[in-house]
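K.L.:
My structure is below; once you've seen it, I'll send some questions.
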Amino acid sequence: MSGRRLAYGVLCLFLLAPDLAAEVSRIEVDSRGPIAEGRNFGDVGPYEEIIGTIHFEIDPSNPRNQVIADLDLAPRNRDGLIEMSADLSILAPVNPDNGNGIALVDIVNRGRKVALQFNRAEGGNPYGDGFLMNRGYTIVWVGWEFDVPPSPTAVRIDVPLADGIPNSRIGGLGFAAIRDAATWIKHSPESIVSTDYALSFGSSQSGRFLRNYLYLGFNTDETGRQVFDGIIPHIAGSSRIDLNRRGAEPISQGQFTATSFPFADAAYRDPVTAVEDGALQNSRSQANQPRIFYTNTSVEYWGGGRVAALVHTTPDGAEDIALPDNVRFYLLAGTQHGPGAFPPQPPGNGQQMGNPIDYWRNMRALLTAMAEWVVDDAAPPPSAHPDFADNTLVMPRDLPFPALPGVRSPADVTAGTRAANPLLDGNGSAGTTLPLLVPAVDVDGNETSGILHPEVAVPLATYTGWNFANAERGDPNDLWPLAGAYIPFPATRDEGDQRNDPRASIEDRYASKDTYLEQVAEAAESLVRERYMLQADIDPVLERAARHWDLLMGTGN
């Protein structure tokens with residue numbers, strides 16, 4: 001476990017109340033005190049940070065736990081239970097009555113906190129504009145990954161070794177840690193913070209964790225209660241995580257080896273093995289299903305083995321399917337795995353500049369919609385993604401991407417292969433090539449389906465979810481992992497003619513900067529009406545669009 005220094009002169013506090021939920025046996029609080037120098041966050045007021053260690057006792061005889069690989073090899077205490085502990089970090093309103101009654105359990109990515117990105121900020125300030133705090137969330141981090149290198153800031157877990165198996169940790173206990181911490185917050189009268197609802201957010205690796213968490217049935221606790229009311233697996237595609245097996249390596253990127261059958265939530269027959277299974281339609285996961293938003297960038301369609309389209313198509317990638325009533329799927333069109341720098345920097349790992357579209361403006365609206373769906377039963381925005389029905393989902397070879405100077409065509413890109421699924425007969429046909437389906441584009445190479453950020457809907461550039469590797473960094477015929485591209489339009493018609501660029505110039509598209517910004521504002525207002533953006537985020541979007549215009553047209557100071 002990572003070292004913890006005592007803060008505010010507080011000695012380690014042990015909460016040993018006998019009424020703690022059976023799964024949480026003890027809490028140690030190392031420090032507790034105000035954040036941001038006691039800053040008031042809107043009507044919610046000040047927040048405090050609680051840092052410590054949460055201890056668990058897991059019942060190996062409980063059927064809900066028996067899906068954990070090598071559980072039978074875990075050492076037991078004198079009560080026959082399996083002990084483990086994890087780092088715990090909480091941000092909570094000092095006055096709980098001012099909170100919104102929702103715990104947002106942020107699934108850490110390789111030990112790093114990710115949900116604070118909802119607080120848009122510059123300069124490394126994690127609280128930024130205080131988006132999460134102003135809305136009263138209690139934000140919780142619990143370690144789940146055993147192979148995170150120790151560091152002062154890493155959120156880690158300590159799980160037991162499997163008896164008789166050298167150096168093999170029982171990694172699947174990380175799923176139980178998240179389950180039991182969340183159910184403790186919702187149901188235990190002795191929990192250090194208490195809320196009526198629990199949401200969970202995970203990004204990339206931790207989004208894959210959440211997809212696996214659901215598939216294995218961990219949203220039902222040891223007593224049969226529902227754990228999370230809503231879940232947002234972000235930028236996970238159709239992948240899961242390598243955690244619940246002997247010798248697991250969850251810290252690995254899983255770029256090409258993280259997607260195993262089943263891909264979709266409903267049960268479908270696998271055309272390769274003839275096995276029928278579904279991520280949410282199996283004996284473990286059918287009960288206590290949360291409301292789910294799958295959010296993905298264009299990279300998760302293009303990116304090797306993540307094949308996001310398989311969440312909303314048949315397993316062979318041949319037909320659209322209907323999503324379950326408790327599920328929505330959103331493509332953040334024309335974006336990359338994590339937003340690139342703005343102003344865009346010269347090409348580095350990729351042949352083109354990185355894609356700078358800041359999709360977090362859309363994610364804030366979707367988190368708000370999820371909370372309203374869970375708490376108020378307000379219907380969420382409709383799914384927005386490419387599909388066969390309107391000809392917006394295609395194979396790369398059928399993509400009408402324009403011939404741009406210095407830009408390699410993605411027409412010959414292929415997907416990765418299936419990962420193994422040891423829960424299925426035939427191991428899920430590991431190694432079988434996955435079908436690759438990607439969003440269709442317009443004459444500029446910009447995607448036409450999903451949620452179009454105002455700078456994608458009213459573009460100054462082509463924005464992609466793929467970027468071929470710089471020859472100095474890798475094979476120039478391979479995609480650079482998790483990267484998209486930014487390819488600016490020519491500023492003038494003459495510039496476009498000189499470059500043999502078939503795309504219309506910026507001066508031909510927009511009569512003036514004011515005209516451009518008016519169209520951006522209209523696109524933003526349309527997103528607000530559809531609940532894909534918040535009214536408060538329009539001004540920051542317009543400010544950046546203005547900076548972008550000045551950057552490309554040379555009109556800034």
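Letters for chains follow the order of the structure tokens (A, B, ...), residue numbers begin at 1 for each chain, and ligand numbers begin at 1 in the order shown.
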With only C-alpha atoms counted and 12 Å as the cut-off, give the residues of region 402-504 of chain A in contact with region 216-220 of chain A, each with its shortest interatomic distance in Å and the pair that gives it, as a tab-separated table.
P.N.:
residue	atom	partner	partner_atom	distance
A:Asn421	CA	A:Leu216	CA	11.5
A:Pro422	CA	A:Leu216	CA	12.0
A:Leu423	CA	A:Leu216	CA	9.7
K.L.:
So that I can check the surroundings of Ala403 (chain A), please list as a count of residues only every protein, DNA and RNA residue that reaches within 9 Å of it, counting only C-alpha atoms and ignoring chain neighbours fewer than 6 positions away.
P.N.:
3
K.L.:
Looking only at the backbone, which of the residues in region 241-390 of chain A does DSSP tag as alpha helix (DSSP H), as a ChimeraX atom specification?
P.N.:
/A:299-302,360-376
K.L.:
What's around Ala483 (chain A) at 6 Å? Count only C-alpha atoms, leave out sequence neighbours fewer than 3 positions away in its own chain, and write the answer as an mmCIF file with N, CA, C and O atoms, in the first residue's frame.
P.N.:
data_model
loop_
_atom_site.group_PDB
_atom_site.id
_atom_site.type_symbol
_atom_site.label_atom_id
_atom_site.label_comp_id
_atom_site.auth_asym_id
_atom_site.auth_seq_id
_atom_site.Cartn_x
_atom_site.Cartn_y
_atom_site.Cartn_z
ATOM 1 N N GLN A 336 -10.520 12.061 -29.938
ATOM 2 C CA GLN A 336 -9.563 11.000 -29.652
ATOM 3 C C GLN A 336 -9.694 10.580 -28.190
ATOM 4 O O GLN A 336 -10.399 11.210 -27.397
ATOM 5 N N TRP A 466 -8.115 8.381 -35.655
ATOM 6 C CA TRP A 466 -6.946 7.570 -36.013
ATOM 7 C C TRP A 466 -5.802 8.493 -36.404
ATOM 8 O O TRP A 466 -6.007 9.627 -36.847
ATOM 9 N N ASN A 467 -4.578 8.001 -36.231
ATOM 10 C CA ASN A 467 -3.366 8.752 -36.560
ATOM 11 C C ASN A 467 -2.253 7.735 -36.751
ATOM 12 O O ASN A 467 -1.931 6.991 -35.813
ATOM 13 N N TRP A 480 -1.027 4.837 -34.356
ATOM 14 C CA TRP A 480 -0.462 5.074 -33.038
ATOM 15 C C TRP A 480 -1.572 4.863 -32.012
ATOM 16 O O TRP A 480 -2.668 5.392 -32.167
#
